[in-house]
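Report on the structure given below.
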Protein chains: 2
Amino acid sequence: MRDSRVDAVVAEVREGVVPDQGEQATLERVVEDLLDRARTAVAELPVEADVVHVGSTARGTWTRGDRDIDVFVRFPPDLPRDRLEEFGLQVGHHVLPEGYEAFAEHPYVTGDYRGFGVDLVPCYRVEDATANRSAVDRTPFHDRYLGSHLNDRLRGDVRVCKAFLKGIGVYGSNLRTEGFSGYLTELLVLAFDGFQPLVEAAADWHPPVRLDPGGTDGDEGFDHPLVVVDPTDPDRNVAAVLSADNLARFQHYARDLLDDPRPELFAVTEPEPLTASAVRAHVERRASTPVAIRFATPSIVDDQLYPQLRKSLTGITGELDRRGFEVLRATHFSGEAETALFVECAVADLPAVERHKGPPVQVRDHATEFYEQYVDDPDVYGPYIDAGRYVVERERGFSSVRALLESDQLFNVSLGPDIADALRNGYEVAVGDDVAGLADPFGVELAQYFDPRP
Amino acid sequence: MRDSRVDAVVAEVREGVVPDQGEQATLERVVEDLLDRARTAVAELPVEADVVHVGSTARGTWTRGDRDIDVFVRFPPDLPRDRLEEFGLQVGHHVLPEGYEAFAEHPYVTGDYRGFGVDLVPCYRVEDATANRSAVDRTPFHDRYLGSHLNDRLRGDVRVCKAFLKGIGVYGSNLRTEGFSGYLTELLVLAFDGFQPLVEAAADWHPPVRLDPGGTDGDEGFDHPLVVVDPTDPDRNVAAVLSADNLARFQHYARDLLDDPRPELFAVTEPEPLTASAVRAHVERRASTPVAIRFATPSIVDDQLYPQLRKSLTGITGELDRRGFEVLRATHFSGEAETALFVECAVADLPAVERHKGPPVQVRDHATEFYEQYVDDPDVYGPYIDAGRYVVERERGFSSVRALLESDQLFNVSLGPDIADALRNGYEVAVGDDVAGLADPFGVELAQYFDPRP
């Protein structure tokens, strides 16, 4: 079943993603240095703690040029959380004097050190991964599991797989991407004993797919398109964040790779940004009514922002569909300063009246009530009888998409709370041709929108 | 439960609909004369036949000024059909020298005689109504049944009821009206022992409603909103032609009469015809896209024309809905020369592209086939992945309602055969404001359309 054309492409990609000996040696020296500095700082603390190098650079699965080093300081599980945070930051600032504080589950220090991006993170030294008190507590167990299961060949395949997932846009378990985490990639390559067997299997998957690489017979109750039971914590699905569409993308490109192996699939590419006039040409060709709600990007982290953008877009497209503007496609663009919810509608305007169906005439009480409510209303047409029911034609709530989006009704749909706040501070609605104004700063995103790929 | 206000209105209406003694006497003299003339002609025939006066003037249930007399010539059941038709016409032409031939189930002669409209119809003298060889054979049995069950009070109430049904537009069992026949009206008044008890009952009906006034325990298999088992032919539903909407109308106006008794409900009224500019004002106010397909009225009888108009309208509105033009309301107008199918759409134009959903990505064979069909097609956007499926945006078949209606696609929908023929001979499509051109000759119909009532 091995396809030598795939082999050749994988071999070529592997050349590019496995760090050379120089990069490897440099990394090892820098890590030693960081661990020493951290141990020195820990010695000053009034508690016992150890220092470990974790993550892809510790597992030997980082890809060439990836310069992230994660160092964890592990504290006793009985240390109060506020003390852990205090000590963690103290060590962090000692190790990374130029670093600054960031926040995941705990605050931690992140910064540059000798050309590497370093995170110095406190965690609890728990008995096993199931006893974790925060998500990061599991990481050392992942390292240990993979350290004892991966060999050099598989580490190379993990690197190839990461390049593939990055190339097709589904690498990263952050809530913006909803893709594959590094650990998930490692477990998948391990479970199928290599990258090529993995893509061959994935090409035929019928989600939901369940894998239990640790044979832990973990909890059955996951309701996700892909379930990979964590060998170090059987109650956890390592693929919980992966969206169904990203899994479908992985399947699509797995087939594409097998069908037409080529290194381009492993390379991150970005289209040329569209100009405003190119956007106008697309709008004219499609003869649709794109609308954009433009507002200042709220100051929240991506893991909060993107779920809220998706939720807001679902709320708004649902409202537009319910009100008859028929959504063709929708997306969101978000940059440092500005964010846009972009919805392509079938029409800009609808009739001034809409049908409003009443009860069946035969249901006397309800029918009479409905009839009497409208019979003397000069603003409705009807009531008349259609298909056994009273019907009136009454004024449509919103007969233009602009009027709807510029009204307070926008705030009656389900929006993310920070998006709602941002909109309350002001927003602009662009309709039709005017969305061409989005070409700066969203020319690349518009190019992707108007040339959509899997 | 008797409402004296209803009593008063009914009494007033009865005054107007019961023929006076002069009208009654004239009718009787003319009927005697007609029967004599028919018997003379029958005596010349080589077969036995008898002559009977039938229908509402025979039953004493005609309304004042109604000048229709039906005379049947009954032939032996073993007479071949062609002989029956020949003899029938021979008698008809003798009785009505100025008459002309018309055609229902048999050919018959119809004409004016001393100011009355007379139908001279051949039928078979069958044993009982269930043995009928054509629909008209039943009529003498209906007369006999009603003759032995109706008294003067009920005959008056039948006349009131007919006036009511005419006033609200649901009298007549022809296929244009799909309303209440005279015989159905008589049976209903008889079953409820009067007009007022009938409307009180009807106001509370929950269709389907089943009545068996003859207690014949007739066939249960009728699938109609109102079933009235024919006492003379238990396999027949006398209300088979009545549409669900006309039954709902009867219920509506029954309640209206009980709630606010007034003689106007018993009077046929017609609105002032709309002018072209009034039509344009409505179109502007409604901001919709009315369309009309105008063509020469086919030369077929109403009982063929109207079912075909309804069928064609259903076919066309279904097609418009499927193609995204969203039908608000539709109707048909038909005059001597011209007919129009009138459909009010939400929009005149739609985007040039439409979504076309492919199979779920996980269904490998179908998914790959779909993907490969479109991936190199320069005219589609996509394929991309949405909700686990491949989707493309391809050129919409018809992006304007006019283009659709002017195309051959019109003939791919389910049309009545004579309507399709008429359209093949040529038609015009009016869109938007241009439907104002229908004001002549359909001003009254447009007035009804833009002021719809139950």
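In the structure tokens, chains take letters A, B, ... by order of appearance, with residues numbered from 1 within each chain and ligands from 1 in the order shown.
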
Could you work out which residues of chain B fall inside 7 Å of chain A? Count only C-alpha atoms, and format the result as a VMD selection string. chain B and resid 204 to 207 244 to 245 248 252 286 to 288 328 346 to 347 350 to 353 355 361 to 362 364 381 to 388 451 to 454

For the structure I just gave you, how does DSSP split region 128-312 of chain B - specifically, which residues are helix (DSSP H, G or I)? Reply as a ChimeraX atom specification. /B:129-131,135-149,152-167,182-192,195-203,244-259,263-266,276-286,302-312

If you run DSSP over the backbone, which residues in region 219-337 of chain A end up strand (DSSP E)? Put them as a ChimeraX atom specification. /A:226-230,233-237,289-296,327-334

Region 7-19 of chain B environment, 12 Å, only C-alpha atoms, sequence neighbours closer than 5 positions dropped, as a VMD selection string: chain B and resid 1 to 2 24 to 27 57 60 to 67 152 to 164 166 to 167 194 to 197 199 257 to 258 260 to 267

Name the residues in contact with Arg39 (chain B) at a cut-off of 8 Å, using only C-alpha atoms, excluding same-chain residues fewer than 3 positions from it; report them as a PDB file with all heavy atoms, in the first residue's frame.
```pdb
ATOM      1  N   LEU B  35     -94.081  21.295 -20.232  1.00  0.00           N
ATOM      2  CA  LEU B  35     -94.286  19.849 -20.088  1.00  0.00           C
ATOM      3  C   LEU B  35     -95.189  19.340 -21.214  1.00  0.00           C
ATOM      4  O   LEU B  35     -94.938  18.286 -21.792  1.00  0.00           O
ATOM      5  CB  LEU B  35     -94.886  19.530 -18.720  1.00  0.00           C
ATOM      6  CG  LEU B  35     -93.968  19.827 -17.517  1.00  0.00           C
ATOM      7  CD1 LEU B  35     -94.682  19.480 -16.197  1.00  0.00           C
ATOM      8  CD2 LEU B  35     -92.647  19.063 -17.596  1.00  0.00           C
ATOM      9  N   ASP B  36     -96.249  20.130 -21.519  1.00  0.00           N
ATOM     10  CA  ASP B  36     -97.135  19.737 -22.623  1.00  0.00           C
ATOM     11  C   ASP B  36     -96.373  19.617 -23.930  1.00  0.00           C
ATOM     12  O   ASP B  36     -96.498  18.637 -24.656  1.00  0.00           O
ATOM     13  CB  ASP B  36     -98.251  20.786 -22.803  1.00  0.00           C
ATOM     14  CG  ASP B  36     -99.337  20.634 -21.728  1.00  0.00           C
ATOM     15  OD1 ASP B  36     -99.323  19.580 -21.036  1.00  0.00           O
ATOM     16  OD2 ASP B  36    -100.153  21.563 -21.581  1.00  0.00           O
ATOM     17  N   VAL B  42     -92.464  13.807 -27.213  1.00  0.00           N
ATOM     18  CA  VAL B  42     -92.136  12.440 -26.789  1.00  0.00           C
ATOM     19  C   VAL B  42     -93.056  11.437 -27.461  1.00  0.00           C
ATOM     20  O   VAL B  42     -92.630  10.332 -27.843  1.00  0.00           O
ATOM     21  CB  VAL B  42     -92.212  12.329 -25.249  1.00  0.00           C
ATOM     22  CG1 VAL B  42     -92.292  10.872 -24.801  1.00  0.00           C
ATOM     23  CG2 VAL B  42     -91.019  13.030 -24.595  1.00  0.00           C
ATOM     24  N   ALA B  43     -94.308  11.823 -27.653  1.00  0.00           N
ATOM     25  CA  ALA B  43     -95.296  10.918 -28.250  1.00  0.00           C
ATOM     26  C   ALA B  43     -94.889  10.499 -29.662  1.00  0.00           C
ATOM     27  O   ALA B  43     -95.279   9.449 -30.149  1.00  0.00           O
ATOM     28  CB  ALA B  43     -96.667  11.594 -28.267  1.00  0.00           C
ATOM     29  N   ASP B  50     -90.951   9.476 -20.166  1.00  0.00           N
ATOM     30  CA  ASP B  50     -91.824  10.428 -19.478  1.00  0.00           C
ATOM     31  C   ASP B  50     -91.068  11.731 -19.269  1.00  0.00           C
ATOM     32  O   ASP B  50     -89.862  11.845 -19.479  1.00  0.00           O
ATOM     33  CB  ASP B  50     -92.387   9.857 -18.179  1.00  0.00           C
ATOM     34  CG  ASP B  50     -91.329   9.626 -17.132  1.00  0.00           C
ATOM     35  OD1 ASP B  50     -90.126   9.788 -17.464  1.00  0.00           O
ATOM     36  OD2 ASP B  50     -91.687   9.291 -15.996  1.00  0.00           O
ATOM     37  N   VAL B  51     -91.825  12.740 -18.890  1.00  0.00           N
ATOM     38  CA  VAL B  51     -91.299  14.095 -18.820  1.00  0.00           C
ATOM     39  C   VAL B  51     -91.514  14.605 -17.403  1.00  0.00           C
ATOM     40  O   VAL B  51     -92.618  14.475 -16.869  1.00  0.00           O
ATOM     41  CB  VAL B  51     -92.032  14.997 -19.829  1.00  0.00           C
ATOM     42  CG1 VAL B  51     -91.590  16.443 -19.686  1.00  0.00           C
ATOM     43  CG2 VAL B  51     -91.793  14.503 -21.253  1.00  0.00           C
TER      44      VAL B  51
END
```

One decimal, in Å: what's the spacing between CA of Pro97 (chain A) and CA of Gly117 (chain A)?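 Separation between CA of Pro97 (chain A) and CA of Gly117 (chain A): 13.2 Å.
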
Nearby residues (only C-alpha atoms) at most 8 Å from Ala422 (chain A), same-chain spacing under 5 positions excluded, as number ranges by chain: A: 295-298

Written file, previous selection with N, CA and C atoms, as a short mmCIF file (atom, residue, chain, number, x, y, z; two decimals), in the first residue's frame:
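selection.cif, freshly written:
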```cif
data_model
loop_
_atom_site.label_atom_id
_atom_site.label_comp_id
_atom_site.auth_asym_id
_atom_site.auth_seq_id
_atom_site.Cartn_x
_atom_site.Cartn_y
_atom_site.Cartn_z
N PHE A 295 -16.33 47.31 13.44
CA PHE A 295 -16.21 47.89 14.79
C PHE A 295 -14.79 47.69 15.32
N ALA A 296 -14.50 48.41 16.40
CA ALA A 296 -13.16 48.33 16.98
C ALA A 296 -12.99 46.97 17.66
N THR A 297 -11.88 46.31 17.38
CA THR A 297 -11.61 44.99 17.97
C THR A 297 -11.56 45.10 19.49
N PRO A 298 -12.35 44.30 20.19
CA PRO A 298 -12.31 44.37 21.66
C PRO A 298 -10.95 43.87 22.19
#
```

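Among A:His53, A:Arg133, A:Arg125, A:Arg5, the residue with the shortest atom-to-atom distance to Val71 (chain A), counting only C-alpha atoms, is A:His53.
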
Identify, on the basis of only C-alpha atoms, every residue whose closest approach to Pro231 (chain A) does not exceed 9 Å; exclude the query and any residue fewer than 4 positions from it along the same chain; express the result as an mmCIF file with N, CA, C and O atoms, in the first residue's frame.
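Just written: out_12.cif:
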```cif
data_model
loop_
_atom_site.group_PDB
_atom_site.id
_atom_site.type_symbol
_atom_site.label_atom_id
_atom_site.label_comp_id
_atom_site.auth_asym_id
_atom_site.auth_seq_id
_atom_site.Cartn_x
_atom_site.Cartn_y
_atom_site.Cartn_z
ATOM 1 N N HIS A 142 2.568 14.082 29.591
ATOM 2 C CA HIS A 142 2.581 13.896 28.141
ATOM 3 C C HIS A 142 4.016 13.673 27.670
ATOM 4 O O HIS A 142 4.285 12.758 26.877
ATOM 5 N N TYR A 145 5.158 10.196 28.581
ATOM 6 C CA TYR A 145 4.542 9.160 27.764
ATOM 7 C C TYR A 145 5.174 9.119 26.371
ATOM 8 O O TYR A 145 5.574 8.069 25.866
ATOM 9 N N LEU A 187 0.211 11.946 19.192
ATOM 10 C CA LEU A 187 -0.511 10.708 19.493
ATOM 11 C C LEU A 187 -1.029 10.040 18.218
ATOM 12 O O LEU A 187 -1.040 8.812 18.108
ATOM 13 N N ASP A 212 -8.033 5.066 20.972
ATOM 14 C CA ASP A 212 -7.645 4.925 22.385
ATOM 15 C C ASP A 212 -6.211 4.412 22.404
ATOM 16 O O ASP A 212 -5.961 3.254 22.734
ATOM 17 N N PRO A 213 -5.264 5.297 22.023
ATOM 18 C CA PRO A 213 -3.889 4.816 21.788
ATOM 19 C C PRO A 213 -3.246 4.233 23.042
ATOM 20 O O PRO A 213 -2.379 3.381 22.930
ATOM 21 N N GLY A 214 -3.675 4.674 24.235
ATOM 22 C CA GLY A 214 -3.088 4.119 25.451
ATOM 23 C C GLY A 214 -3.769 2.829 25.885
ATOM 24 O O GLY A 214 -3.356 2.210 26.867
ATOM 25 N N GLY A 215 -4.821 2.445 25.177
ATOM 26 C CA GLY A 215 -5.555 1.244 25.584
ATOM 27 C C GLY A 215 -6.120 1.374 26.988
ATOM 28 O O GLY A 215 -6.264 0.406 27.731
ATOM 29 N N THR A 216 -6.506 2.600 27.348
ATOM 30 C CA THR A 216 -6.953 2.845 28.730
ATOM 31 C C THR A 216 -8.441 2.597 28.885
ATOM 32 O O THR A 216 -8.966 2.693 29.985
ATOM 33 N N GLY A 218 -10.856 4.454 28.048
ATOM 34 C CA GLY A 218 -11.329 5.675 28.711
ATOM 35 C C GLY A 218 -12.819 5.924 28.503
ATOM 36 O O GLY A 218 -13.495 5.212 27.757
ATOM 37 N N ARG A 236 -10.066 12.373 29.358
ATOM 38 C CA ARG A 236 -9.894 13.554 28.524
ATOM 39 C C ARG A 236 -9.779 13.162 27.055
ATOM 40 O O ARG A 236 -9.080 12.214 26.703
#
```

Rounded to one decimal, what separation in Å do you get between CA of Ala337 (chain B) and CA of Ser299 (chain B)? 9.3 Å

Please, which residues in region 19-73 of chain A fall within 10 Å of region 135-140 of chain A when counting only C-alpha atoms, and what is the closest atom pair and distance in Å to one decimal for each, ordered by chain then residue number, as JSON lines?
```
{"residue": "A:Val52", "atom": "CA", "partner": "A:Pro140", "partner_atom": "CA", "distance": 7.9}
{"residue": "A:His53", "atom": "CA", "partner": "A:Pro140", "partner_atom": "CA", "distance": 8.6}
{"residue": "A:Val54", "atom": "CA", "partner": "A:Pro140", "partner_atom": "CA", "distance": 6.3}
{"residue": "A:Gly55", "atom": "CA", "partner": "A:Thr139", "partner_atom": "CA", "distance": 7.1}
{"residue": "A:Ala58", "atom": "CA", "partner": "A:Pro140", "partner_atom": "CA", "distance": 9.9}
{"residue": "A:Phe72", "atom": "CA", "partner": "A:Pro140", "partner_atom": "CA", "distance": 8.5}
```

Just C-alpha atoms for this one: save the residues we selected as a PDB file, in the first residue's frame.
```
ATOM      1  CA  VAL A  52      11.632  20.745  33.850  1.00  0.00           C
ATOM      2  CA  HIS A  53      11.942  21.443  30.176  1.00  0.00           C
ATOM      3  CA  VAL A  54       8.664  20.405  28.511  1.00  0.00           C
ATOM      4  CA  GLY A  55       6.829  20.596  25.185  1.00  0.00           C
ATOM      5  CA  ALA A  58      11.775  18.619  25.036  1.00  0.00           C
ATOM      6  CA  PHE A  72       7.878  24.509  33.951  1.00  0.00           C
TER       7      PHE A  72
END
```

Figure out the distance between CA of Ser334 (chain A) and CA of Glu406 (chain A), please, to one decimal in Å.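 That distance, rounded to one decimal, is 20.3 Å.
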
Excluding Ser312 (chain B) and residues on its chain fewer than 5 positions from it, collect all residues at most 12 Å away from it, counting only C-alpha atoms, and give them as a list of chain:residue names. B:Ile293, B:Leu305, B:Tyr306, B:Pro307, B:Thr317, B:Gly318, B:Glu319, B:Ala330, B:Thr331, B:His332, B:Ala340, B:Leu341, B:Phe342, B:Val343, B:Leu410, B:Phe411, B:Asn412, B:Val413, B:Ser414, B:Leu415, B:Gly416, B:Pro417, B:Asp418, B:Ile419, B:Ala420, B:Asp421, B:Ala422, B:Leu423
